[in-house]
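Peer 1: Input start-v4.cif, format and content: mmCIF, C-alpha atoms and all ligand atoms.
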```cif
data_data
#
loop_
_atom_site.label_atom_id
_atom_site.label_comp_id
_atom_site.auth_asym_id
_atom_site.auth_seq_id
_atom_site.Cartn_x
_atom_site.Cartn_y
_atom_site.Cartn_z
CA MET T 1 46.91 69.79 65.57
CA LEU T 2 48.09 71.13 68.94
CA LEU T 3 44.61 70.79 70.31
CA LEU T 4 44.45 67.18 69.12
CA LEU T 5 47.78 66.46 70.77
CA ALA T 6 46.64 68.04 74.02
CA LEU T 7 43.43 66.03 73.93
CA PHE T 8 45.42 62.84 73.26
CA CYS T 9 47.76 63.48 76.23
CA PHE T 10 44.84 64.25 78.50
CA THR T 11 43.05 61.06 77.43
CA MET T 12 46.18 58.94 77.96
CA ASP T 13 46.61 60.39 81.44
CA ALA T 14 42.99 59.84 82.38
CA TRP T 15 43.13 56.34 80.98
CA ARG T 16 46.17 55.43 83.06
CA TRP T 17 45.17 57.17 86.22
CA PRO T 18 43.15 54.67 88.33
CA TRP T 19 45.40 51.69 87.57
CA SER T 20 48.88 53.10 87.79
CA SER T 21 50.15 56.55 88.54
CA LYS T 22 53.68 55.42 87.62
CA ALA T 23 54.67 53.57 84.48
CA SER T 24 58.02 52.16 85.63
CA PRO T 25 59.32 50.71 88.90
CA THR T 26 61.16 52.99 91.32
CA LEU T 27 64.93 52.95 91.37
CA VAL T 28 66.19 52.62 94.96
CA TYR T 29 69.70 53.72 95.96
CA VAL T 30 71.19 52.33 99.17
CA GLY T 31 74.23 53.92 100.80
CA THR T 32 76.45 51.72 102.97
CA TYR T 33 79.51 51.64 105.21
CA THR T 34 82.30 50.08 103.18
CA GLY T 35 85.41 48.06 104.03
CA GLU T 36 88.49 46.54 102.46
CA GLY T 37 87.57 42.86 102.90
CA ALA T 38 86.27 40.67 100.05
CA THR T 39 82.85 40.33 101.69
CA ASP T 40 82.60 43.97 102.80
CA SER T 41 80.30 46.47 101.16
CA LYS T 42 81.83 48.47 98.29
CA GLY T 43 79.66 51.58 97.86
CA ILE T 44 76.17 52.51 96.68
CA TYR T 45 73.83 49.68 95.63
CA ALA T 46 70.79 49.90 93.35
CA PHE T 47 67.47 48.07 93.64
CA SER T 48 64.27 48.19 91.67
CA PHE T 49 61.01 48.42 93.64
CA ASP T 50 57.65 47.57 92.10
CA ASP T 51 55.09 49.44 94.19
CA ALA T 52 52.05 47.64 92.76
CA LYS T 53 53.43 44.16 93.49
CA SER T 54 55.64 45.13 96.47
CA VAL T 55 58.65 43.36 94.97
CA ILE T 56 62.24 44.54 95.52
CA THR T 57 64.91 43.34 93.07
CA PRO T 58 68.69 43.82 93.50
CA LEU T 59 70.46 45.48 90.54
CA GLY T 60 73.98 45.28 92.02
CA LEU T 61 76.70 47.78 92.85
CA ALA T 62 75.84 51.17 91.29
CA VAL T 63 79.27 52.63 92.03
CA ALA T 64 82.20 51.92 94.35
CA THR T 65 82.84 54.72 96.86
CA THR T 66 84.09 54.87 100.46
CA ASN T 67 81.58 54.99 103.36
CA ALA T 68 78.65 56.37 101.39
CA SER T 69 76.67 56.51 104.64
CA TYR T 70 74.31 59.18 103.30
CA VAL T 71 72.97 59.69 99.78
CA LEU T 72 71.04 62.52 98.12
CA ILE T 73 69.07 62.49 94.84
CA HIS T 74 69.29 65.76 92.88
CA PRO T 75 65.86 67.37 92.19
CA SER T 76 66.49 66.93 88.42
CA GLN T 77 66.78 63.14 89.09
CA LYS T 78 69.90 63.19 86.87
CA TYR T 79 72.57 63.24 89.61
CA VAL T 80 73.22 61.46 92.90
CA PHE T 81 75.44 62.80 95.69
CA ALA T 82 77.00 60.90 98.56
CA VAL T 83 79.24 61.60 101.51
CA ASN T 84 82.53 59.82 102.02
CA GLU T 85 82.31 59.47 105.81
CA GLN T 86 86.02 59.58 106.65
CA ASP T 87 88.50 61.86 108.48
CA ASP T 88 89.04 63.98 105.36
CA GLY T 89 85.31 64.24 104.60
CA LYS T 90 84.09 64.54 101.01
CA VAL T 91 80.92 65.20 99.05
CA VAL T 92 80.93 63.18 95.82
CA ALA T 93 78.81 63.87 92.72
CA PHE T 94 77.66 61.08 90.37
CA LYS T 95 75.67 61.02 87.15
CA VAL T 96 72.82 58.52 86.72
CA ALA T 97 74.24 56.66 83.71
CA SER T 98 71.26 54.32 83.30
CA THR T 99 67.82 54.36 84.91
CA GLN T 100 67.50 50.67 83.96
CA THR T 101 70.58 49.36 85.77
CA GLY T 102 71.01 52.24 88.22
CA GLN T 103 74.72 52.57 87.26
CA LEU T 104 76.37 55.76 88.51
CA THR T 105 79.47 57.43 87.08
CA LEU T 106 81.77 59.79 88.99
CA ILE T 107 81.56 63.51 88.16
CA ASN T 108 83.79 65.04 90.86
CA ASP T 109 84.19 65.54 94.59
CA GLN T 110 84.83 68.36 97.05
CA SER T 111 85.81 68.72 100.68
CA SER T 112 82.83 68.55 103.04
CA ARG T 113 84.72 71.04 105.30
CA GLY T 114 85.06 68.60 108.16
CA SER T 115 85.45 65.00 109.28
CA GLY T 116 82.81 62.28 109.36
CA PRO T 117 80.18 63.80 107.03
CA CYS T 118 76.89 61.98 107.66
CA TYR T 119 74.01 63.97 106.10
CA LEU T 120 73.17 65.79 102.84
CA SER T 121 70.24 67.91 101.68
CA THR T 122 69.51 70.36 98.87
CA ASN T 123 67.33 73.34 97.97
CA LYS T 124 64.43 72.90 95.51
CA ALA T 125 66.39 74.53 92.67
CA GLY T 126 69.17 71.99 93.23
CA ASN T 127 71.96 74.56 92.98
CA TYR T 128 73.15 74.10 96.60
CA ILE T 129 73.96 71.10 98.78
CA PHE T 130 74.16 71.24 102.58
CA VAL T 131 76.39 68.84 104.50
CA ALA T 132 76.74 68.05 108.23
CA ASN T 133 80.08 66.73 109.52
CA TYR T 134 79.57 64.66 112.68
CA ASN T 135 83.12 64.32 114.00
CA SER T 136 84.17 67.95 113.56
CA GLY T 137 80.77 69.51 114.37
CA THR T 138 80.83 71.61 111.20
CA VAL T 139 78.27 72.37 108.50
CA ALA T 140 78.75 73.71 104.97
CA ALA T 141 76.85 74.83 101.85
CA LEU T 142 78.33 73.77 98.48
CA PRO T 143 77.10 75.07 95.09
CA VAL T 144 76.13 72.60 92.36
CA ASP T 145 76.44 73.37 88.65
CA THR T 146 73.00 72.16 87.53
CA THR T 147 74.13 71.89 83.89
CA ASP T 148 76.62 69.08 84.60
CA GLY T 149 76.01 68.02 88.23
CA SER T 150 79.47 68.98 89.47
CA VAL T 151 79.85 70.15 93.07
CA LYS T 152 81.87 73.28 93.85
CA GLU T 153 83.92 74.51 96.82
CA SER T 154 81.85 75.57 99.83
CA THR T 155 80.37 79.07 100.00
CA GLY T 156 78.88 78.77 103.51
CA PHE T 157 80.38 77.27 106.67
CA ASP T 158 79.94 77.13 110.44
CA GLN T 159 81.87 75.52 113.29
CA GLN T 160 79.34 74.56 115.96
CA THR T 161 80.42 74.86 119.59
CA GLY T 162 79.69 73.44 123.02
CA SER T 163 79.21 70.13 124.80
CA SER T 164 76.71 68.47 127.13
CA VAL T 165 76.26 65.80 129.81
CA ASN T 166 76.81 62.43 128.09
CA PRO T 167 80.53 61.58 128.63
CA ASP T 168 80.69 59.16 125.69
CA ARG T 169 78.91 61.19 123.03
CA GLN T 170 78.74 64.85 124.08
CA THR T 171 82.23 66.15 124.85
CA SER T 172 82.28 68.20 121.62
CA PRO T 173 79.83 69.38 118.94
CA HIS T 174 78.52 66.74 116.52
CA ALA T 175 76.46 68.15 113.64
CA HIS T 176 74.11 65.33 112.64
CA CYS T 177 71.87 66.94 110.01
CA ILE T 178 71.26 70.19 108.13
CA LEU T 179 68.26 71.02 105.95
CA LEU T 180 66.32 74.04 104.73
CA ASP T 181 62.90 74.83 106.13
CA LYS T 182 59.96 74.61 103.70
CA ARG T 183 60.20 78.30 102.72
CA GLU T 184 63.97 77.94 102.20
CA GLU T 185 64.67 80.91 104.47
CA TYR T 186 66.68 79.12 107.15
CA ALA T 187 68.86 76.04 107.26
CA VAL T 188 68.38 74.12 110.50
CA SER T 189 70.99 71.77 111.99
CA ALA T 190 70.76 69.38 114.97
CA ASP T 191 73.99 69.20 117.01
CA LEU T 192 73.94 65.92 118.96
CA GLY T 193 77.04 66.88 120.98
CA SER T 194 75.78 70.13 122.49
CA ASP T 195 72.01 69.39 122.70
CA GLN T 196 71.34 72.37 120.45
CA ILE T 197 69.59 73.16 117.17
CA TYR T 198 71.21 75.87 115.07
CA SER T 199 69.21 78.04 112.65
CA TYR T 200 71.14 79.74 109.82
CA ARG T 201 69.88 82.36 107.41
CA PHE T 202 70.66 81.00 103.93
CA THR T 203 71.30 83.50 101.11
CA PRO T 204 71.04 81.76 97.71
CA ALA T 205 72.65 84.72 95.87
CA ASP T 206 76.05 84.00 97.45
CA GLY T 207 75.47 80.67 99.25
CA THR T 208 76.29 81.94 102.73
CA LEU T 209 75.06 80.56 106.05
CA GLU T 210 74.69 83.08 108.85
CA ARG T 211 73.71 82.12 112.41
CA ALA T 212 70.14 83.28 113.20
CA GLY T 213 69.35 81.49 116.45
CA ILE T 214 70.17 78.56 118.73
CA THR T 215 67.50 76.40 120.37
CA LYS T 216 68.42 74.28 123.43
CA VAL T 217 66.63 70.93 123.49
CA PRO T 218 64.55 70.59 126.71
CA GLU T 219 66.62 67.96 128.60
CA PRO T 220 70.43 67.81 128.60
CA GLY T 221 71.55 64.43 127.25
CA ASN T 222 68.83 64.13 124.60
CA GLY T 223 71.32 64.18 121.71
CA PRO T 224 69.27 65.61 118.80
CA ARG T 225 70.08 63.71 115.58
CA HIS T 226 67.60 64.25 112.75
CA LEU T 227 64.63 66.56 112.32
CA VAL T 228 61.68 66.99 109.96
CA PHE T 229 59.15 69.78 109.36
CA SER T 230 55.39 69.46 109.21
CA ASP T 231 54.26 70.27 105.65
CA ASP T 232 52.79 73.64 106.75
CA GLN T 233 56.09 74.41 108.58
CA GLU T 234 54.25 75.09 111.88
CA PHE T 235 56.10 72.31 113.72
CA VAL T 236 59.49 70.61 113.83
CA TYR T 237 59.90 66.99 114.96
CA VAL T 238 63.34 66.24 116.41
CA MET T 239 64.63 62.71 116.98
CA ASN T 240 66.62 62.63 120.23
CA GLU T 241 69.06 59.80 119.53
CA LEU T 242 70.46 59.34 123.05
CA MET T 243 67.13 59.42 124.96
CA SER T 244 65.05 57.66 122.24
CA SER T 245 62.37 60.32 122.09
CA ILE T 246 60.81 62.89 119.77
CA THR T 247 60.55 66.54 120.78
CA VAL T 248 57.89 68.57 118.97
CA PHE T 249 58.76 72.27 118.60
CA LYS T 250 56.69 75.20 117.38
CA TYR T 251 58.90 76.39 114.51
CA SER T 252 60.76 79.72 114.35
CA PRO T 253 64.52 80.50 114.26
CA ILE T 254 64.41 79.96 118.04
CA MET T 255 61.91 77.18 118.67
CA GLN T 256 59.48 76.53 121.52
CA PRO T 257 59.08 72.91 122.72
CA VAL T 258 55.51 71.64 122.97
CA GLN T 259 55.94 67.90 123.68
CA THR T 260 58.57 65.20 124.24
CA ILE T 261 57.38 61.60 123.73
CA SER T 262 59.33 58.32 123.97
CA THR T 263 59.77 56.18 120.88
CA LEU T 264 60.00 53.06 123.12
CA PRO T 265 57.37 50.93 124.86
CA SER T 266 57.30 51.88 128.59
CA ASN T 267 58.37 48.36 129.66
CA PHE T 268 61.53 48.32 127.48
CA THR T 269 64.63 49.08 129.57
CA ALA T 270 67.55 47.72 127.48
CA PHE T 271 69.98 49.97 125.55
CA ASN T 272 68.51 51.83 122.60
CA THR T 273 69.33 54.77 120.37
CA GLY T 274 66.89 56.55 118.07
CA ALA T 275 67.80 56.98 114.41
CA GLU T 276 65.54 58.21 111.61
CA VAL T 277 62.29 60.21 111.70
CA LEU T 278 59.88 61.03 108.82
CA VAL T 279 56.37 62.42 108.41
CA HIS T 280 54.02 60.51 106.09
CA PRO T 281 54.56 62.27 102.72
CA THR T 282 51.04 62.40 101.25
CA SER T 283 48.84 62.87 104.34
CA GLY T 284 51.08 64.57 106.94
CA LYS T 285 48.98 62.69 109.52
CA PHE T 286 51.52 60.11 110.73
CA LEU T 287 55.11 60.13 111.94
CA TYR T 288 57.52 57.19 111.83
CA ALA T 289 60.71 56.81 113.91
CA THR T 290 63.23 53.97 114.26
CA ASN T 291 64.66 52.38 117.44
CA ARG T 292 68.11 50.75 117.35
CA GLY T 293 68.09 48.19 120.20
CA HIS T 294 64.36 47.61 120.45
CA ASP T 295 64.72 47.21 116.67
CA SER T 296 61.36 48.65 115.82
CA ILE T 297 59.56 51.47 114.08
CA ALA T 298 57.38 53.62 116.34
CA VAL T 299 54.27 54.92 114.55
CA PHE T 300 52.55 58.09 115.82
CA SER T 301 49.48 60.02 114.75
CA VAL T 302 50.01 63.77 114.27
CA ASP T 303 47.45 66.32 115.44
CA ARG T 304 47.81 68.81 112.59
CA GLY T 305 46.43 71.69 114.65
CA THR T 306 48.52 71.31 117.83
CA GLY T 307 51.42 69.30 116.40
CA LEU T 308 51.06 66.76 119.23
CA LEU T 309 51.95 63.09 118.71
CA SER T 310 50.17 59.98 120.05
CA LEU T 311 51.50 56.46 119.77
CA ILE T 312 49.74 54.10 117.35
CA GLN T 313 52.05 51.08 117.00
CA HIS T 314 55.49 49.54 117.46
CA MET T 315 56.43 47.32 114.52
CA SER T 316 59.44 44.96 114.56
CA VAL T 317 61.90 45.75 111.76
CA GLN T 318 62.72 42.05 111.25
CA GLY T 319 66.40 42.74 111.63
CA ARG T 320 68.94 44.62 113.74
CA THR T 321 69.80 48.33 113.99
CA PRO T 322 67.33 50.18 111.72
CA ARG T 323 69.53 53.19 111.06
CA ASN T 324 67.47 54.55 108.20
CA PHE T 325 64.20 54.13 106.33
CA ASN T 326 62.29 55.92 103.62
CA ILE T 327 58.67 56.18 102.49
CA LEU T 328 57.76 55.87 98.79
CA PRO T 329 56.46 59.21 97.40
CA ASP T 330 52.94 57.76 96.98
CA GLY T 331 52.87 57.00 100.73
CA ASN T 332 51.98 53.30 100.31
CA HIS T 333 55.22 51.60 101.33
CA LEU T 334 58.07 52.08 103.78
CA ILE T 335 61.48 50.41 103.35
CA VAL T 336 63.80 50.08 106.35
CA ALA T 337 67.61 49.59 106.26
CA ASN T 338 68.85 47.29 109.05
CA GLN T 339 72.57 48.07 109.37
CA ASP T 340 73.63 45.10 111.56
CA SER T 341 71.48 42.37 109.97
CA ASN T 342 72.39 43.45 106.41
CA ASN T 343 68.85 43.61 105.08
CA LEU T 344 66.12 45.85 103.67
CA VAL T 345 62.57 45.08 104.79
CA VAL T 346 59.42 46.36 103.05
CA PHE T 347 56.25 47.37 104.93
CA SER T 348 52.92 48.50 103.54
CA ILE T 349 51.28 51.56 105.09
CA ASP T 350 47.55 51.72 105.76
CA THR T 351 47.04 55.32 104.65
CA THR T 352 43.84 55.63 106.75
CA THR T 353 45.26 54.42 110.08
CA GLY T 354 49.02 54.85 109.52
CA ARG T 355 49.69 51.27 110.66
CA LEU T 356 52.47 49.17 109.15
CA THR T 357 52.27 45.58 107.92
CA ALA T 358 55.28 43.54 106.78
CA THR T 359 54.80 42.58 103.12
CA GLY T 360 57.32 39.73 103.20
CA ALA T 361 59.55 41.48 100.64
CA THR T 362 63.18 41.75 101.75
CA ALA T 363 66.59 42.16 100.13
CA GLU T 364 70.17 41.65 101.29
CA VAL T 365 72.81 44.37 101.33
CA LYS T 366 75.86 44.77 103.58
CA THR T 367 75.75 47.49 106.30
CA PRO T 368 72.98 49.62 104.72
CA THR T 369 72.70 53.12 106.20
CA CYS T 370 70.61 55.22 103.78
CA ILE T 371 67.71 54.66 101.35
CA LYS T 372 66.76 57.15 98.61
CA PHE T 373 64.34 56.90 95.65
CA LEU T 374 64.85 58.09 92.09
CA ASN T 375 61.58 59.05 90.38
CA THR T 376 62.19 57.85 86.84
C1 LIG Q 1 84.21 54.17 107.53
O1 LIG Q 1 83.35 54.36 108.65
C2 LIG Q 1 83.67 53.55 109.76
C3 LIG Q 1 82.56 53.74 110.79
O2 LIG Q 1 82.46 55.08 111.19
C4 LIG Q 1 85.05 53.91 110.27
O3 LIG Q 1 85.39 53.07 111.35
C5 LIG Q 1 86.07 53.74 109.13
O4 LIG Q 1 87.33 54.18 109.56
C6 LIG Q 1 85.63 54.56 107.91
N1 LIG Q 1 86.52 54.28 106.78
C7 LIG Q 1 87.39 55.17 106.32
C8 LIG Q 1 88.19 54.74 105.12
O5 LIG Q 1 87.56 56.26 106.83
C1 LIG Q 2 56.13 44.78 127.01
O1 LIG Q 2 54.72 44.80 126.83
C2 LIG Q 2 54.29 44.22 125.60
C3 LIG Q 2 52.81 44.50 125.43
O2 LIG Q 2 52.10 44.26 126.63
C4 LIG Q 2 54.65 42.74 125.58
O3 LIG Q 2 54.23 42.14 124.37
C5 LIG Q 2 56.15 42.61 125.74
O4 LIG Q 2 56.51 41.27 125.82
C6 LIG Q 2 56.66 43.35 126.97
N1 LIG Q 2 58.12 43.40 126.91
C7 LIG Q 2 58.89 43.29 127.98
C8 LIG Q 2 60.37 43.45 127.72
O5 LIG Q 2 58.46 43.07 129.10
#
```
Now, as a test, write the supplied structure out as structure tokens.
Peer 2:
Amino acid sequence: MLLLLALFCFTMDAWRWPWSSKASPTLVYVGTYTGEGATDSKGIYAFSFDDAKSVITPLGLAVATTNASYVLIHPSQKYVFAVNEQDDGKVVAFKVASTQTGQLTLINDQSSRGSGPCYLSTNKAGNYIFVANYNSGTVAALPVDTTDGSVKESTGFDQQTGSSVNPDRQTSPHAHCILLDKREEYAVSADLGSDQIYSYRFTPADGTLERAGITKVPEPGNGPRHLVFSDDQEFVYVMNELMSSITVFKYSPIMQPVQTISTLPSNFTAFNTGAEVLVHPTSGKFLYATNRGHDSIAVFSVDRGTGLLSLIQHMSVQGRTPRNFNILPDGNHLIVANQDSNNLVVFSIDTTTGRLTATGATAEVKTPTCIKFLNT
């Protein structure tokens, strides 16, 4: 009987495989800046994305919550977390009430241990969340009860220190991201205000963060914002928001720079800030980065041996201020969130060349700032 069942499952899988690796469309959660006005955004919005047809369908407001500028999907796919980017910063936990409608229900919230929280990440087990607070330049680790999705008071904390040369943006520390490396040994955080990257030893037994090293970015005024690891963890790619460039580092708790490359065309001289950076999820061969001002996505090829980047393409985002984007787990599509033109725009990815092509699929949403996918 068991053998028959196993055979049946195997056959079903094999039967489905070439045509569709996923039975249902992907649920897309979009975090936004909210306001009090009737036409302002109200919280986190849900969309359904059909990868085979490249169609994006709005499902409406998933839950009302203040300034959910960054969203995180729990590894169990049962819970969603968001920041409330406000003076008294919060991390809020929600339960996915329906994978059909995307509705979220509140579980609880906790202090983010600072003001202006703007980034969330988790470990693979899903029993800790890391949060970066931009305004206060603080980072924290908060436990999650994986049986009910509730978030607990922080167990790890650090106040970053220092400043740098940009008088408008770098008079104090501004933690812009925090995430674990691939081996989950260290949590790494880019501080835009002091041009530094902090490495913390993370101890899952008690949830503490302990400083392990500080890397200075090569040029003062770069303003490191977000970073990503190569899949083999040999290299780190850091988006320098203020100089619109990527610095490639050889990874260790104190990192060695190997290249800095502009995300802009050489003839573009108007104001620009860099925003998001991601490595292509299935191949690791391409890197994508957004330009706010030039309003484009820069596409680079990645030399997997040396880590070095070379420019492939600049693609218009068909909107203004592409603060965030995400790549579907199968690596076939990229969706960008244009904060100031209130739209999502879908691109297909040529997985051989890395190049982007606009598919024509778009959706409207007010002040979108973060895109995350639920794998139902
Ligand atoms: C939401 O974020 C915006 C932009 O940072 C800020 O101006 C506004 O005060 C925030 N709202 C609240 C309620 O803190
Ligand atoms: C920059 O060069 C590109 C490619 O040659 C051209 O299409 C574009 O119009 C130029 N932009 C400016 C601002 O000169």
Peer 1: Using all atoms listed in the file, determine which residues lie at most 10 Å from Gln103 in chain T, disregarding the query and same-chain residues fewer than 5 positions distant; provide the list as a list of chain:residue names.
Peer 2: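 Surrounding residues, per the criterion: T:Ile44, T:Tyr45, T:Ala46, T:Leu59, T:Gly60, T:Leu61, T:Ala62, T:Val63, T:Phe94, T:Lys95, T:Val96, T:Ala97, T:Ser98.
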Peer 1: Around ligand LIG 1 (chain Q), which protein and nucleic acid residues have at least one atom no more than 9 Å from it, if we count all atoms listed in the file? List them as number ranges by chain.
Peer 2: T: 33-36, 66-69, 84-89, 116
Peer 1: Choose the residue, out of T:Ala140, T:Val345, T:Leu356, T:Met315, that has the smallest atom-to-atom separation from ligand LIG 2 (chain Q); count only C-alpha atoms and all ligand atoms.
Peer 2: T:Met315
Peer 1: Given the choices T:Pro25, T:Pro143, T:Gly37, T:Gly156, which gets closest to Gln100 in chain T if the distance is worked out from all atoms listed in the file?
Peer 2: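 Looking only at the distances to Gln100 in chain T, the closest residue turns out to be T:Pro25.
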Peer 1: Fewer than 4 positions away in the same chain doesn't count, so skip those; otherwise give me all residues within 7 Å of Met239 in chain T, counting only C-alpha atoms, as a list in words.
Peer 2: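 My list of contacting residues is Pro224, Arg225, His226, Leu227, Ser245, Ile246, Thr247, Gly274 and Val277 of chain T.
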Peer 1: With 9 Å as the threshold, what does the neighbourhood of (68.5, 44.3, 115.1) contain in terms of residues, counting all atoms listed in the file? Coordinates are those of the file; answer as a ChimeraX atom specification.
Peer 2: /T:292-296,317-322,338-341
Peer 1: Could you jot down the CA of Ile312 in chain T to CA of Asp330 in chain T separation for me, Å, one decimal place?
Peer 2: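 Computing it gives 20.9 Å between the two atoms.
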Peer 1: Dump the neighbourhood of ligand LIG 2 (chain Q) as JSON, numbers by chain: all residues within 8 Å, distances computed on only C-alpha atoms and all ligand atoms.
Peer 2: {"T": [265, 266, 267, 268, 269]}
Peer 1: Just write the chosen residues, C-alpha atoms, as a compact mmCIF listing (two decimals), in the frame of the given file.
Peer 2:
```
# COMPACT_ATOMS: atom_id res chain seq x y z
CA PRO T 265 57.37 50.93 124.86
CA SER T 266 57.30 51.88 128.59
CA ASN T 267 58.37 48.36 129.66
CA PHE T 268 61.53 48.32 127.48
CA THR T 269 64.63 49.08 129.57
```
